[in-house]
$ cat query.tsv   # TSV, C-alpha atoms
chain	number	residue	atom	x	y	z
A	261	MET	CA	0.00	0.00	0.00
A	262	SER	CA	3.01	2.33	-0.03
A	263	ASN	CA	1.87	3.60	-3.45
A	264	LEU	CA	-1.10	5.35	-1.78
A	265	LYS	CA	1.13	8.05	-0.26
A	266	GLY	CA	-0.21	11.44	-1.26
A	267	LYS	CA	-2.72	10.04	-3.77
A	268	TYR	CA	-5.72	11.01	-1.64
A	269	ALA	CA	-6.57	14.07	0.37
A	270	ILE	CA	-9.06	15.49	2.83
A	271	VAL	CA	-10.78	18.55	1.37
A	272	GLY	CA	-13.31	19.45	4.05
A	273	ALA	CA	-13.88	19.04	7.78
A	274	GLY	CA	-16.73	19.97	10.05
A	275	GLU	CA	-17.94	19.47	13.59
A	276	THR	CA	-21.07	20.18	15.60
A	277	PRO	CA	-21.25	21.88	18.96
A	278	VAL	CA	-20.30	19.41	21.69
A	279	GLY	CA	-21.14	18.67	25.30
A	280	LYS	CA	-24.65	18.02	26.54
A	281	LEU	CA	-26.82	19.08	23.63
A	282	GLY	CA	-30.19	17.50	24.42
A	283	GLY	CA	-33.04	17.11	21.97
A	284	HIS	CA	-30.89	15.80	19.12
A	285	SER	CA	-31.00	12.27	17.76
A	286	THR	CA	-27.81	10.54	16.67
A	287	LEU	CA	-29.01	10.79	13.06
A	288	ALA	CA	-29.52	14.55	13.43
A	289	LEU	CA	-25.93	14.91	14.66
A	290	HIS	CA	-24.67	12.89	11.69
A	291	GLN	CA	-26.60	15.15	9.32
A	292	TRP	CA	-25.31	18.29	11.05
A	293	SER	CA	-21.71	17.06	10.87
A	294	ILE	CA	-21.98	16.27	7.16
A	295	LYS	CA	-23.63	19.63	6.40
A	296	ASN	CA	-20.77	21.48	8.08
A	297	ALA	CA	-18.09	19.44	6.29
A	298	LEU	CA	-19.75	19.95	2.90
A	299	GLU	CA	-20.01	23.69	3.49
A	300	ASP	CA	-16.35	23.79	4.51
A	301	ALA	CA	-15.36	22.00	1.29
A	302	GLY	CA	-17.71	24.01	-0.93
A	303	LEU	CA	-19.48	20.82	-2.04
A	304	ARG	CA	-23.09	19.68	-2.34
A	305	PRO	CA	-24.53	16.27	-1.42
A	306	GLN	CA	-24.73	15.36	-5.12
A	307	ASP	CA	-20.95	15.88	-5.38
A	308	VAL	CA	-20.41	12.94	-3.00
A	309	ASP	CA	-20.81	9.28	-3.95
A	310	GLY	CA	-19.49	7.48	-0.89
A	311	LEU	CA	-20.24	7.47	2.82
A	312	LEU	CA	-18.71	5.79	5.87
A	313	THR	CA	-20.16	6.12	9.33
A	314	ASN	CA	-20.11	4.59	12.79
A	315	GLN	CA	-22.74	2.23	14.13
A	316	PRO	CA	-24.49	4.23	16.89
A	317	THR	CA	-24.23	2.45	20.23
A	318	ASP	CA	-27.10	4.46	21.70
A	319	ASP	CA	-29.55	3.22	19.05
A	320	PRO	CA	-28.23	0.17	17.15
A	321	ARG	CA	-29.93	-0.51	13.84
A	322	ARG	CA	-29.49	-2.24	10.50
A	323	SER	CA	-28.08	-0.55	7.40
A	324	TYR	CA	-27.31	2.65	9.27
A	325	ALA	CA	-24.99	4.02	6.58
A	326	VAL	CA	-27.86	3.76	4.09
A	327	GLU	CA	-30.09	5.75	6.41
A	328	VAL	CA	-27.50	8.46	6.94
A	329	ALA	CA	-26.63	8.77	3.25
A	330	HIS	CA	-30.21	9.23	2.09
A	331	ALA	CA	-31.08	11.53	5.00
A	332	VAL	CA	-28.55	14.04	3.65
A	333	GLY	CA	-29.22	13.50	-0.06
A	334	ILE	CA	-26.19	11.38	-0.98
A	335	LYS	CA	-26.74	8.65	-3.58
A	336	PRO	CA	-23.77	6.41	-2.79
A	337	THR	CA	-21.95	3.89	-4.93
A	338	TYR	CA	-19.95	2.86	-1.86
A	339	LEU	CA	-21.05	2.89	1.77
A	340	THR	CA	-20.86	1.00	5.05
A	341	ASP	CA	-20.72	1.56	8.80
A	342	LEU	CA	-17.72	0.56	10.90
A	343	ALA	CA	-17.38	-0.44	14.54
A	344	LEU	CA	-13.79	-0.38	15.80
A	345	GLY	CA	-14.38	1.82	18.83
A	346	GLY	CA	-12.00	4.76	18.98
A	347	ALA	CA	-10.09	3.46	15.95
A	348	THR	CA	-13.21	3.87	13.79
A	349	PRO	CA	-12.74	7.45	12.45
A	350	ILE	CA	-9.22	6.79	11.18
A	351	ALA	CA	-10.33	3.43	9.77
A	352	MET	CA	-13.03	5.36	7.87
A	353	VAL	CA	-10.42	7.59	6.23
A	354	GLN	CA	-8.35	4.52	5.34
A	355	HIS	CA	-11.39	2.76	3.84
A	356	ALA	CA	-12.30	5.91	1.91
A	357	ALA	CA	-8.86	6.07	0.30
A	358	MET	CA	-8.97	2.36	-0.54
A	359	ALA	CA	-12.49	2.65	-2.00
A	360	ILE	CA	-11.45	5.49	-4.29
A	361	GLU	CA	-8.30	3.57	-5.25
A	362	ALA	CA	-10.51	0.60	-6.18
A	363	GLY	CA	-12.77	2.78	-8.34
A	364	LEU	CA	-15.81	2.30	-6.12
A	365	ALA	CA	-16.32	6.01	-5.45
A	366	ASN	CA	-14.80	9.41	-6.21
A	367	THR	CA	-15.55	11.48	-3.12
A	368	VAL	CA	-16.35	9.96	0.28
A	369	VAL	CA	-17.76	11.48	3.46
A	370	CYS	CA	-16.52	9.98	6.72
A	371	VAL	CA	-18.83	10.90	9.60
A	372	HIS	CA	-19.00	9.97	13.27
A	373	ALA	CA	-21.52	11.19	15.83
A	374	ARG	CA	-22.89	10.03	19.16
A	375	VAL	CA	-25.35	10.88	21.92
A	376	ARG	CA	-23.78	9.97	25.27
A	377	ALA	CA	-24.15	13.02	27.52
A	378	SER	CA	-27.91	13.39	27.23
A	379	LYS	CA	-30.65	10.83	27.05
A	380	ALA	CA	-31.22	9.58	23.53
A	381	LEU	CA	-34.53	10.56	21.97
A	382	ILE	CA	-35.08	6.90	21.10
A	383	PRO	CA	-34.25	4.50	23.96
A	384	THR	CA	-31.67	1.81	23.27
A	385	ARG	CA	-33.36	-1.36	22.09
A	386	ALA	CA	-30.34	-3.64	22.29
A	387	GLU	CA	-27.20	-3.83	24.38
A	388	VAL	CA	-23.93	-3.52	22.47
A	389	ARG	CA	-21.48	-6.10	23.79
A	390	ASP	CA	-17.74	-6.52	23.48
A	391	GLY	CA	-17.83	-10.32	23.80
A	392	GLU	CA	-15.75	-10.91	26.91
A	393	GLU	CA	-18.18	-9.64	29.55
A	394	ASP	CA	-19.05	-13.11	30.86
A	395	TYR	CA	-15.38	-13.77	31.62
A	396	GLU	CA	-14.49	-10.41	33.12
A	397	GLU	CA	-17.43	-8.63	34.73
A	398	PRO	CA	-18.09	-11.28	37.43
A	399	TYR	CA	-14.58	-10.55	38.71
A	400	GLY	CA	-15.03	-6.78	38.77
A	401	LEU	CA	-13.41	-5.84	35.47
A	402	ILE	CA	-16.20	-3.57	34.33
A	403	GLY	CA	-15.88	-1.00	31.61
A	404	ALA	CA	-13.09	0.82	29.81
A	405	ILE	CA	-11.89	2.62	32.93
A	406	ALA	CA	-11.03	-0.68	34.61
A	407	THR	CA	-9.06	-2.07	31.67
A	408	HIS	CA	-7.09	1.16	31.25
A	409	ALA	CA	-6.44	1.34	34.99
A	410	PHE	CA	-4.78	-2.06	34.62
A	411	ALA	CA	-2.51	-0.59	31.95
A	412	ALA	CA	-1.70	2.41	34.14
A	413	SER	CA	-0.88	0.19	37.13
A	414	ARG	CA	1.36	-2.01	35.04
A	415	HIS	CA	3.17	0.96	33.50
A	416	MET	CA	3.76	2.38	36.95
A	417	TYR	CA	5.06	-0.99	38.17
A	418	GLU	CA	7.38	-1.59	35.22
A	419	PHE	CA	8.72	1.92	34.69
A	420	GLY	CA	8.06	3.99	37.79
A	421	THR	CA	5.53	6.24	36.08
A	422	THR	CA	3.67	8.47	38.53
A	423	SER	CA	0.16	9.86	38.80
A	424	GLU	CA	1.66	13.35	38.71
A	425	GLN	CA	3.14	12.60	35.29
A	426	LEU	CA	-0.28	11.53	34.03
A	427	GLY	CA	-1.51	14.81	35.46
A	428	ALA	CA	0.85	16.69	33.14
A	429	ILE	CA	-1.08	15.24	30.20
A	430	ALA	CA	-4.44	16.30	31.64
A	431	ILE	CA	-3.16	19.82	32.34
A	432	ALA	CA	-1.70	20.31	28.85
A	433	THR	CA	-4.87	19.07	27.21
A	434	ARG	CA	-7.02	21.39	29.32
A	435	LYS	CA	-4.80	24.37	28.42
A	436	HIS	CA	-5.50	23.69	24.77
A	437	ALA	CA	-9.24	23.27	25.37
A	438	CYS	CA	-9.28	26.69	27.04
A	439	LEU	CA	-8.25	28.11	23.65
A	440	ASN	CA	-10.97	26.23	21.74
A	441	ALA	CA	-14.37	27.93	21.57
A	442	ASN	CA	-15.95	24.54	20.80
A	443	ALA	CA	-14.68	22.71	23.87
A	444	THR	CA	-16.70	21.42	26.79
A	445	MET	CA	-14.19	22.02	29.59
A	446	ARG	CA	-12.63	25.50	29.46
A	447	LYS	CA	-11.61	26.05	33.07
A	448	PRO	CA	-7.84	25.67	33.67
A	449	ILE	CA	-6.69	22.96	36.05
A	450	THR	CA	-3.57	22.55	38.17
A	451	LEU	CA	-1.63	19.51	39.26
A	452	GLU	CA	-3.23	19.94	42.68
A	453	ASP	CA	-6.66	19.81	41.05
A	454	HIS	CA	-5.67	16.62	39.28
A	455	GLN	CA	-4.33	14.95	42.41
A	456	ASN	CA	-7.33	15.98	44.48
A	457	SER	CA	-9.91	14.77	41.97
A	458	ARG	CA	-11.58	11.60	43.15
A	459	TRP	CA	-10.44	8.10	42.24
A	460	ILE	CA	-12.52	6.44	39.54
A	461	VAL	CA	-10.52	3.22	39.36
A	462	GLU	CA	-7.15	3.54	41.08
A	463	PRO	CA	-4.63	4.70	39.88
A	464	LEU	CA	-6.81	6.83	37.58
A	465	HIS	CA	-8.42	9.98	38.96
A	466	LEU	CA	-11.48	11.73	37.54
A	467	LEU	CA	-9.23	14.14	35.63
A	468	ASP	CA	-7.46	11.18	33.98
A	469	CYS	CA	-10.75	10.25	32.31
A	470	SER	CA	-12.42	11.47	29.13
A	471	LEU	CA	-15.84	13.03	28.90
A	472	ASN	CA	-19.27	11.69	28.03
A	473	SER	CA	-20.34	13.81	25.09
A	474	ASP	CA	-22.95	14.55	22.48
A	475	GLY	CA	-21.68	15.75	19.11
A	476	GLY	CA	-20.20	14.76	15.81
A	477	GLY	CA	-17.66	15.44	13.13
A	478	ALA	CA	-17.01	14.66	9.48
A	479	VAL	CA	-14.24	14.82	6.88
A	480	ILE	CA	-14.38	14.47	3.11
A	481	VAL	CA	-11.84	12.39	1.16
A	482	THR	CA	-11.16	12.55	-2.57
A	483	SER	CA	-8.27	12.11	-4.96
A	484	ALA	CA	-5.31	14.48	-4.74
A	485	GLU	CA	-5.95	15.51	-8.35
A	486	ARG	CA	-9.53	16.57	-7.62
A	487	ALA	CA	-8.51	18.12	-4.33
A	488	ARG	CA	-6.18	20.62	-6.00
A	489	SER	CA	-9.11	22.28	-7.80
A	490	MET	CA	-11.31	22.57	-4.72
A	491	LYS	CA	-11.93	25.37	-2.25
A	492	ASN	CA	-9.54	24.42	0.55
A	493	ARG	CA	-5.87	23.62	0.67
A	494	PRO	CA	-5.67	19.82	0.35
A	495	VAL	CA	-4.55	17.84	3.37
A	496	TYR	CA	-2.83	14.79	1.92
A	497	ILE	CA	-2.99	11.31	3.41
A	498	LEU	CA	0.70	10.49	3.60
A	499	GLY	CA	0.66	7.34	5.70
A	500	MET	CA	-1.73	5.01	7.45
A	501	GLY	CA	-1.69	1.82	9.46
A	502	ILE	CA	-3.87	-0.35	11.67
A	503	HIS	CA	-3.10	-3.16	14.09
A	504	SER	CA	-4.99	-5.36	16.54
A	505	PRO	CA	-2.59	-7.26	18.83
A	506	HIS	CA	-5.26	-9.10	20.85
A	507	ALA	CA	-9.01	-9.39	21.36
A	508	THR	CA	-9.34	-9.40	25.15
A	509	LEU	CA	-7.21	-8.07	27.95
A	510	ALA	CA	-6.58	-11.61	29.21
A	511	GLU	CA	-4.99	-12.48	25.85
A	512	ALA	CA	-2.71	-9.44	25.68
A	513	PRO	CA	1.01	-10.35	25.69
A	514	THR	CA	1.69	-6.91	27.22
A	515	ILE	CA	-0.41	-3.92	28.22
A	516	THR	CA	2.41	-1.38	28.18
A	517	THR	CA	2.99	-1.70	24.42
A	518	LEU	CA	-0.19	-1.66	22.36
A	519	GLY	CA	-1.27	-1.72	18.71
A	520	GLY	CA	0.18	1.72	18.11
A	521	LYS	CA	3.70	0.37	17.71
A	522	VAL	CA	2.93	-1.69	14.60
A	523	SER	CA	0.26	0.69	13.33
A	524	SER	CA	2.55	3.75	13.47
A	525	THR	CA	5.48	1.82	11.98
A	526	ARG	CA	3.36	1.01	8.92
A	527	ALA	CA	2.21	4.63	8.65
A	528	TYR	CA	5.76	5.98	8.95
A	529	GLU	CA	6.96	3.54	6.29
A	530	MET	CA	4.23	4.56	3.87
A	531	ALA	CA	4.91	8.25	4.43
A	532	GLY	CA	8.69	7.90	4.33
A	533	LEU	CA	8.78	9.93	7.55
A	534	GLY	CA	9.53	9.37	11.22
A	535	PRO	CA	8.63	10.71	14.66
A	536	LYS	CA	11.06	13.63	14.38
A	537	ASP	CA	9.22	14.89	11.31
A	538	MET	CA	5.91	15.30	13.16
A	539	GLN	CA	5.10	18.88	14.17
A	540	PHE	CA	2.04	18.00	16.23
A	541	ALA	CA	0.17	14.90	17.37
A	542	GLU	CA	-3.54	14.38	17.92
A	543	ILE	CA	-3.38	11.34	20.22
A	544	TYR	CA	-6.43	9.35	21.27
A	545	ASP	CA	-6.86	10.14	24.96
A	546	CYS	CA	-9.75	8.20	26.43
A	547	PHE	CA	-7.51	8.17	29.52
A	548	THR	CA	-4.20	9.90	30.21
A	549	ILE	CA	-2.39	6.55	30.24
A	550	THR	CA	-3.52	5.95	26.64
A	551	THR	CA	-1.80	9.15	25.54
A	552	LEU	CA	1.39	8.25	27.38
A	553	ILE	CA	1.63	4.70	26.01
A	554	THR	CA	0.84	5.89	22.48
A	555	LEU	CA	3.56	8.56	22.56
A	556	GLU	CA	6.04	5.83	23.48
A	557	ASP	CA	4.70	3.38	20.89
A	558	TYR	CA	4.92	6.10	18.22
A	559	GLY	CA	8.62	6.55	18.93
A	560	PHE	CA	8.54	10.02	20.41
A	561	CYS	CA	10.46	8.69	23.42
A	562	PRO	CA	11.82	5.29	24.49
A	563	LYS	CA	9.46	2.78	26.09
A	564	GLY	CA	9.11	3.50	29.78
A	565	GLU	CA	10.28	7.11	29.56
A	566	GLY	CA	6.91	8.63	28.64
A	567	GLY	CA	6.21	9.86	32.15
A	568	ARG	CA	9.33	12.00	32.28
A	569	TRP	CA	8.99	12.98	28.64
A	570	VAL	CA	5.55	14.64	28.98
A	571	GLU	CA	6.64	16.88	31.85
A	572	GLY	CA	7.86	20.46	31.62
A	573	GLY	CA	5.51	21.68	28.88
A	574	ARG	CA	6.98	19.50	26.11
A	575	ILE	CA	3.49	18.50	24.84
A	576	GLU	CA	1.94	21.96	25.14
A	577	LEU	CA	1.52	24.50	22.37
A	578	GLY	CA	4.91	26.09	21.90
A	579	GLY	CA	6.62	22.94	23.15
A	580	GLU	CA	8.54	20.27	21.27
A	581	LEU	CA	5.42	18.30	20.27
A	582	PRO	CA	2.02	19.93	20.82
A	583	VAL	CA	-0.44	17.15	21.65
A	584	ASN	CA	-4.23	17.37	21.29
A	585	THR	CA	-4.33	21.01	20.31
A	586	HIS	CA	-8.15	20.98	20.43
A	587	GLY	CA	-8.47	19.61	23.97
A	588	GLY	CA	-8.90	15.95	23.09
A	589	LEU	CA	-11.37	13.52	24.57
A	590	LEU	CA	-10.28	14.66	28.01
A	591	SER	CA	-11.42	18.26	27.65
A	592	GLN	CA	-13.04	18.99	24.27
A	593	ALA	CA	-15.41	16.06	23.74
A	594	HIS	CA	-15.48	12.28	23.40
A	595	ILE	CA	-16.58	11.63	19.81
A	596	GLU	CA	-14.39	8.52	19.56
A	597	GLY	CA	-11.54	10.41	17.94
A	598	MET	CA	-13.27	11.99	14.94
A	599	LEU	CA	-12.51	15.45	16.28
A	600	HIS	CA	-8.82	14.46	16.45
A	601	VAL	CA	-8.95	13.95	12.68
A	602	VAL	CA	-10.89	17.19	12.17
A	603	GLU	CA	-8.34	19.09	14.27
A	604	GLY	CA	-5.42	17.63	12.33
A	605	VAL	CA	-7.01	18.78	9.08
A	606	LYS	CA	-7.71	22.27	10.40
A	607	GLN	CA	-4.17	22.68	11.72
A	608	LEU	CA	-2.76	21.84	8.29
A	609	GLN	CA	-5.17	24.01	6.33
A	610	GLY	CA	-4.12	27.05	8.36
A	611	GLY	CA	-6.43	29.79	9.57
A	612	LYS	CA	-9.16	27.31	10.60
A	613	VAL	CA	-8.50	27.38	14.37
A	614	GLU	CA	-8.09	30.17	16.90
A	615	PRO	CA	-4.69	31.85	16.32
A	616	GLU	CA	-3.59	31.02	19.87
A	617	ARG	CA	-3.74	27.30	19.19
A	618	GLN	CA	-2.42	27.22	15.64
A	619	VAL	CA	0.81	25.23	15.41
A	620	LYS	CA	3.27	27.56	13.72
A	621	ASP	CA	4.13	26.63	10.12
A	622	ALA	CA	2.46	23.23	10.50
A	623	LYS	CA	3.18	20.98	7.52
A	624	VAL	CA	2.80	17.44	8.87
A	625	GLY	CA	1.16	15.79	11.86
A	626	ILE	CA	0.08	12.41	13.16
A	627	VAL	CA	-3.34	11.29	14.41
A	628	SER	CA	-4.11	8.17	16.44
A	629	GLY	CA	-7.20	6.09	17.16
A	630	HIS	CA	-7.52	3.48	19.92
A	631	GLY	CA	-10.40	1.08	20.40
A	632	GLY	CA	-11.88	-1.63	22.59
A	633	SER	CA	-10.05	-3.28	25.48
A	634	LEU	CA	-6.77	-1.69	24.36
A	635	ASN	CA	-7.08	-4.06	21.41
A	636	THR	CA	-7.25	-2.01	18.19
A	637	HIS	CA	-5.19	0.92	16.98
A	638	ALA	CA	-5.19	3.06	13.83
A	639	THR	CA	-2.74	5.73	12.66
A	640	LEU	CA	-2.92	8.52	10.10
A	641	ILE	CA	-0.13	10.82	8.95
A	642	LEU	CA	-1.38	14.00	7.29
A	643	GLY	CA	0.45	16.79	5.51
A	644	ASN	CA	-0.29	19.86	3.41
A	645	GLU	CA	2.61	19.00	1.10
A	646	ILE	CA	3.77	15.72	-0.41
A	647	PRO	CA	7.43	15.15	0.66
$ encode --input "query.tsv" --output "structure tokens"
Amino acid sequence: MSNLKGKYAIVGAGETPVGKLGGHSTLALHQWSIKNALEDAGLRPQDVDGLLTNQPTDDPRRSYAVEVAHAVGIKPTYLTDLALGGATPIAMVQHAAMAIEAGLANTVVCVHARVRASKALIPTRAEVRDGEEDYEEPYGLIGAIATHAFAASRHMYEFGTTSEQLGAIAIATRKHACLNANATMRKPITLEDHQNSRWIVEPLHLLDCSLNSDGGGAVIVTSAERARSMKNRPVYILGMGIHSPHATLAEAPTITTLGGKVSSTRAYEMAGLGPKDMQFAEIYDCFTITTLITLEDYGFCPKGEGGRWVEGGRIELGGELPVNTHGGLLSQAHIEGMLHVVEGVKQLQGGKVEPERQVKDAKVGIVSGHGGSLNTHATLILGNEIP
């Protein structure tokens, strides 16, 4: 797949307001996201012939991509919905590029929305299961917070990582959210605030955990050739990768190195770039430990040194590697990583974010997605030039 480098580009990105919206169905948020992305790209629904979306966990249903496409006036020649947890949005972009490469579509919308902060207009009719509940929940391993707390405990045991170092990630992310008009949490926090926030599952505090959010986002993918004649500066897909090292936590050979190591290696190889070439990183941050492990797996620092590496403002705007310049899942909104992709696109288009959080002279950045019981990872390298 190395021949896909720079052949496809993102030409539009949009997001809805986020937080606790109330009164909006998941479908309405999908429509809103697509409308904003189309307006950003200067396109109409009839200019699009492909659509990829998530399967809504709040209201599972059949053929959801069909419903979304026709609700917004798209007559697709390629469509499906994906369910890879937080790896889904990046997987959508990868599938869009591959579909265009295969001649199945010319221009594809990738959209992800969810209703999690407010009560869904239509009650859930079926429980969405991961498959390992019967083997884990009777022993107290309940939910994503518990599985990620295991990873945090193990990282602390193996490498001496501290809660205060995880706090540095939460503080940096909140600083960036304070600069984002479309962020849920815009009150600065201190390390003392982090340490005094209540335990959720030890060693993770409340401020180590991402938000429950309503909202959505969308990006539009087309060929690089078409992109050059469109409204916005193209953001080229330079590299991509995906990896699933295990299915359940019990099967994992390690929980301090995850799928990001292989996934990022494949993306770097496709792009012909490395960690030192990245000017910013939008890292999936369902919990602070996820950010820390991913930064190590992506080669920004040696394994086990992530705790020390994130201290001292290194991951803040103006630092060596600005991370989650929009506020991330921790402080902007939890839309399973779609807003990480949207932010990466905006940073590279220039002039699309508040000046205070624009990465200076940004030309290339990396975006991560992380799903399930630490079991799936996807990587995207984006640039506004083709090296």
$ closest_residue --input "query.tsv" --among "A:Thr548, A:Ser323, A:Asn442, A:Ser524" --to "Ile641 in chain A" --atoms "only C-alpha atoms"
A:Ser524
$ closest_residue --input "query.tsv" --among "A:His330, A:Arg486, A:His436, A:Lys606" --to "Ala273 in chain A" --atoms "only C-alpha atoms"
A:Lys606
$ atom_distance --input "query.tsv" --atom1 "CA of Asn644 in chain A" --atom2 "CA of Val308 in chain A"
22.2 Å
$ residues_around --input "query.tsv" --residues "Leu555 in chain A" --least-positions-apart "2" --cutoff "10 Å" --atoms "all atoms listed in the file" --output "list of chain:residue names"
A:Gly520, A:Lys521, A:Pro535, A:Ala541, A:Ile543, A:Ile549, A:Thr550, A:Thr551, A:Leu552, A:Ile553, A:Asp557, A:Tyr558, A:Gly559, A:Phe560, A:Cys561, A:Pro562, A:Lys563, A:Glu565, A:Gly566, A:Trp569, A:Val570, A:Val583, A:Ser628
$ residues_around --input "query.tsv" --residues "Thr639 in chain A" --least-positions-apart "3" --cutoff "7 Å" --atoms "all atoms listed in the file" --output "PDB file with C-alpha atoms, in the frame of the given file"
ATOM      1  CA  ILE A 350      -9.220   6.790  11.180  1.00  0.00           C
ATOM      2  CA  MET A 500      -1.730   5.010   7.450  1.00  0.00           C
ATOM      3  CA  GLY A 501      -1.690   1.820   9.460  1.00  0.00           C
ATOM      4  CA  ILE A 502      -3.870  -0.350  11.670  1.00  0.00           C
ATOM      5  CA  SER A 523       0.260   0.690  13.330  1.00  0.00           C
ATOM      6  CA  SER A 524       2.550   3.750  13.470  1.00  0.00           C
ATOM      7  CA  ALA A 527       2.210   4.630   8.650  1.00  0.00           C
ATOM      8  CA  VAL A 627      -3.340  11.290  14.410  1.00  0.00           C
ATOM      9  CA  SER A 628      -4.110   8.170  16.440  1.00  0.00           C
ATOM     10  CA  GLY A 629      -7.200   6.090  17.160  1.00  0.00           C
TER      11      GLY A 629
END
$ closest_residue --input "query.tsv" --among "A:Ala404, A:Ala325, A:Ile360, A:Val368" --to "Val479 in chain A" --atoms "all atoms listed in the file"
A:Val368
$ atom_distance --input "query.tsv" --atom1 "CA of Leu599 in chain A" --atom2 "CA of Pro448 in chain A"
20.7 Å
$ residues_around --input "query.tsv" --residues "Gly573 in chain A" --least-positions-apart "5" --cutoff "9 Å" --atoms "only C-alpha atoms" --output "ChimeraX atom specification"
/A:428,432,578-580,582
$ atom_distance --input "query.tsv" --atom1 "CA of Leu289 in chain A" --atom2 "CA of Thr276 in chain A"
7.2 Å
$ residues_around --input "query.tsv" --residues "range 463-476 of chain A" --least-positions-apart "4" --cutoff "6 Å" --atoms "only C-alpha atoms" --output "list in words"
Glu275, Thr276, Val278, Gly279, Lys280, Leu289, Ser293, His372, Ala373, Arg374, Val375, Arg376, Ala377, His454, Ser457, Arg458, Trp459, Cys546, Phe547, Thr548, Leu589, Leu590, Ala593 and His594 of chain A
$ write_last_selection --input "query.tsv" --atoms "C-alpha atoms" --output "PDB file, keeping the file's coordinate frame"
ATOM      1  CA  GLU A 275     -17.940  19.470  13.590  1.00  0.00           C
ATOM      2  CA  THR A 276     -21.070  20.180  15.600  1.00  0.00           C
ATOM      3  CA  VAL A 278     -20.300  19.410  21.690  1.00  0.00           C
ATOM      4  CA  GLY A 279     -21.140  18.670  25.300  1.00  0.00           C
ATOM      5  CA  LYS A 280     -24.650  18.020  26.540  1.00  0.00           C
ATOM      6  CA  LEU A 289     -25.930  14.910  14.660  1.00  0.00           C
ATOM      7  CA  SER A 293     -21.710  17.060  10.870  1.00  0.00           C
ATOM      8  CA  HIS A 372     -19.000   9.970  13.270  1.00  0.00           C
ATOM      9  CA  ALA A 373     -21.520  11.190  15.830  1.00  0.00           C
ATOM     10  CA  ARG A 374     -22.890  10.030  19.160  1.00  0.00           C
ATOM     11  CA  VAL A 375     -25.350  10.880  21.920  1.00  0.00           C
ATOM     12  CA  ARG A 376     -23.780   9.970  25.270  1.00  0.00           C
ATOM     13  CA  ALA A 377     -24.150  13.020  27.520  1.00  0.00           C
ATOM     14  CA  HIS A 454      -5.670  16.620  39.280  1.00  0.00           C
ATOM     15  CA  SER A 457      -9.910  14.770  41.970  1.00  0.00           C
ATOM     16  CA  ARG A 458     -11.580  11.600  43.150  1.00  0.00           C
ATOM     17  CA  TRP A 459     -10.440   8.100  42.240  1.00  0.00           C
ATOM     18  CA  CYS A 546      -9.750   8.200  26.430  1.00  0.00           C
ATOM     19  CA  PHE A 547      -7.510   8.170  29.520  1.00  0.00           C
ATOM     20  CA  THR A 548      -4.200   9.900  30.210  1.00  0.00           C
ATOM     21  CA  LEU A 589     -11.370  13.520  24.570  1.00  0.00           C
ATOM     22  CA  LEU A 590     -10.280  14.660  28.010  1.00  0.00           C
ATOM     23  CA  ALA A 593     -15.410  16.060  23.740  1.00  0.00           C
ATOM     24  CA  HIS A 594     -15.480  12.280  23.400  1.00  0.00           C
TER      25      HIS A 594
END
$ closest_residue --input "query.tsv" --among "A:Ala269, A:Ala430, A:Ala507, A:Leu608" --to "Asp545 in chain A" --atoms "all atoms listed in the file"
A:Ala430
$ closest_residue --input "query.tsv" --among "A:Arg304, A:Arg493, A:Lys536, A:Lys435" --to "Gly333 in chain A" --atoms "all atoms listed in the file"
A:Arg304
$ residues_around --input "query.tsv" --residues "Pro615 in chain A" --least-positions-apart "6" --cutoff "12 Å" --atoms "only C-alpha atoms" --output "list in words"
His436, Leu439, Asn440, Ala441, Leu577, Thr585, Lys606, Gln607 and Asp621 of chain A
$ closest_residue --input "query.tsv" --among "A:Val461, A:Lys620, A:Thr508, A:His284" --to "Ser413 in chain A" --atoms "only C-alpha atoms"
A:Val461
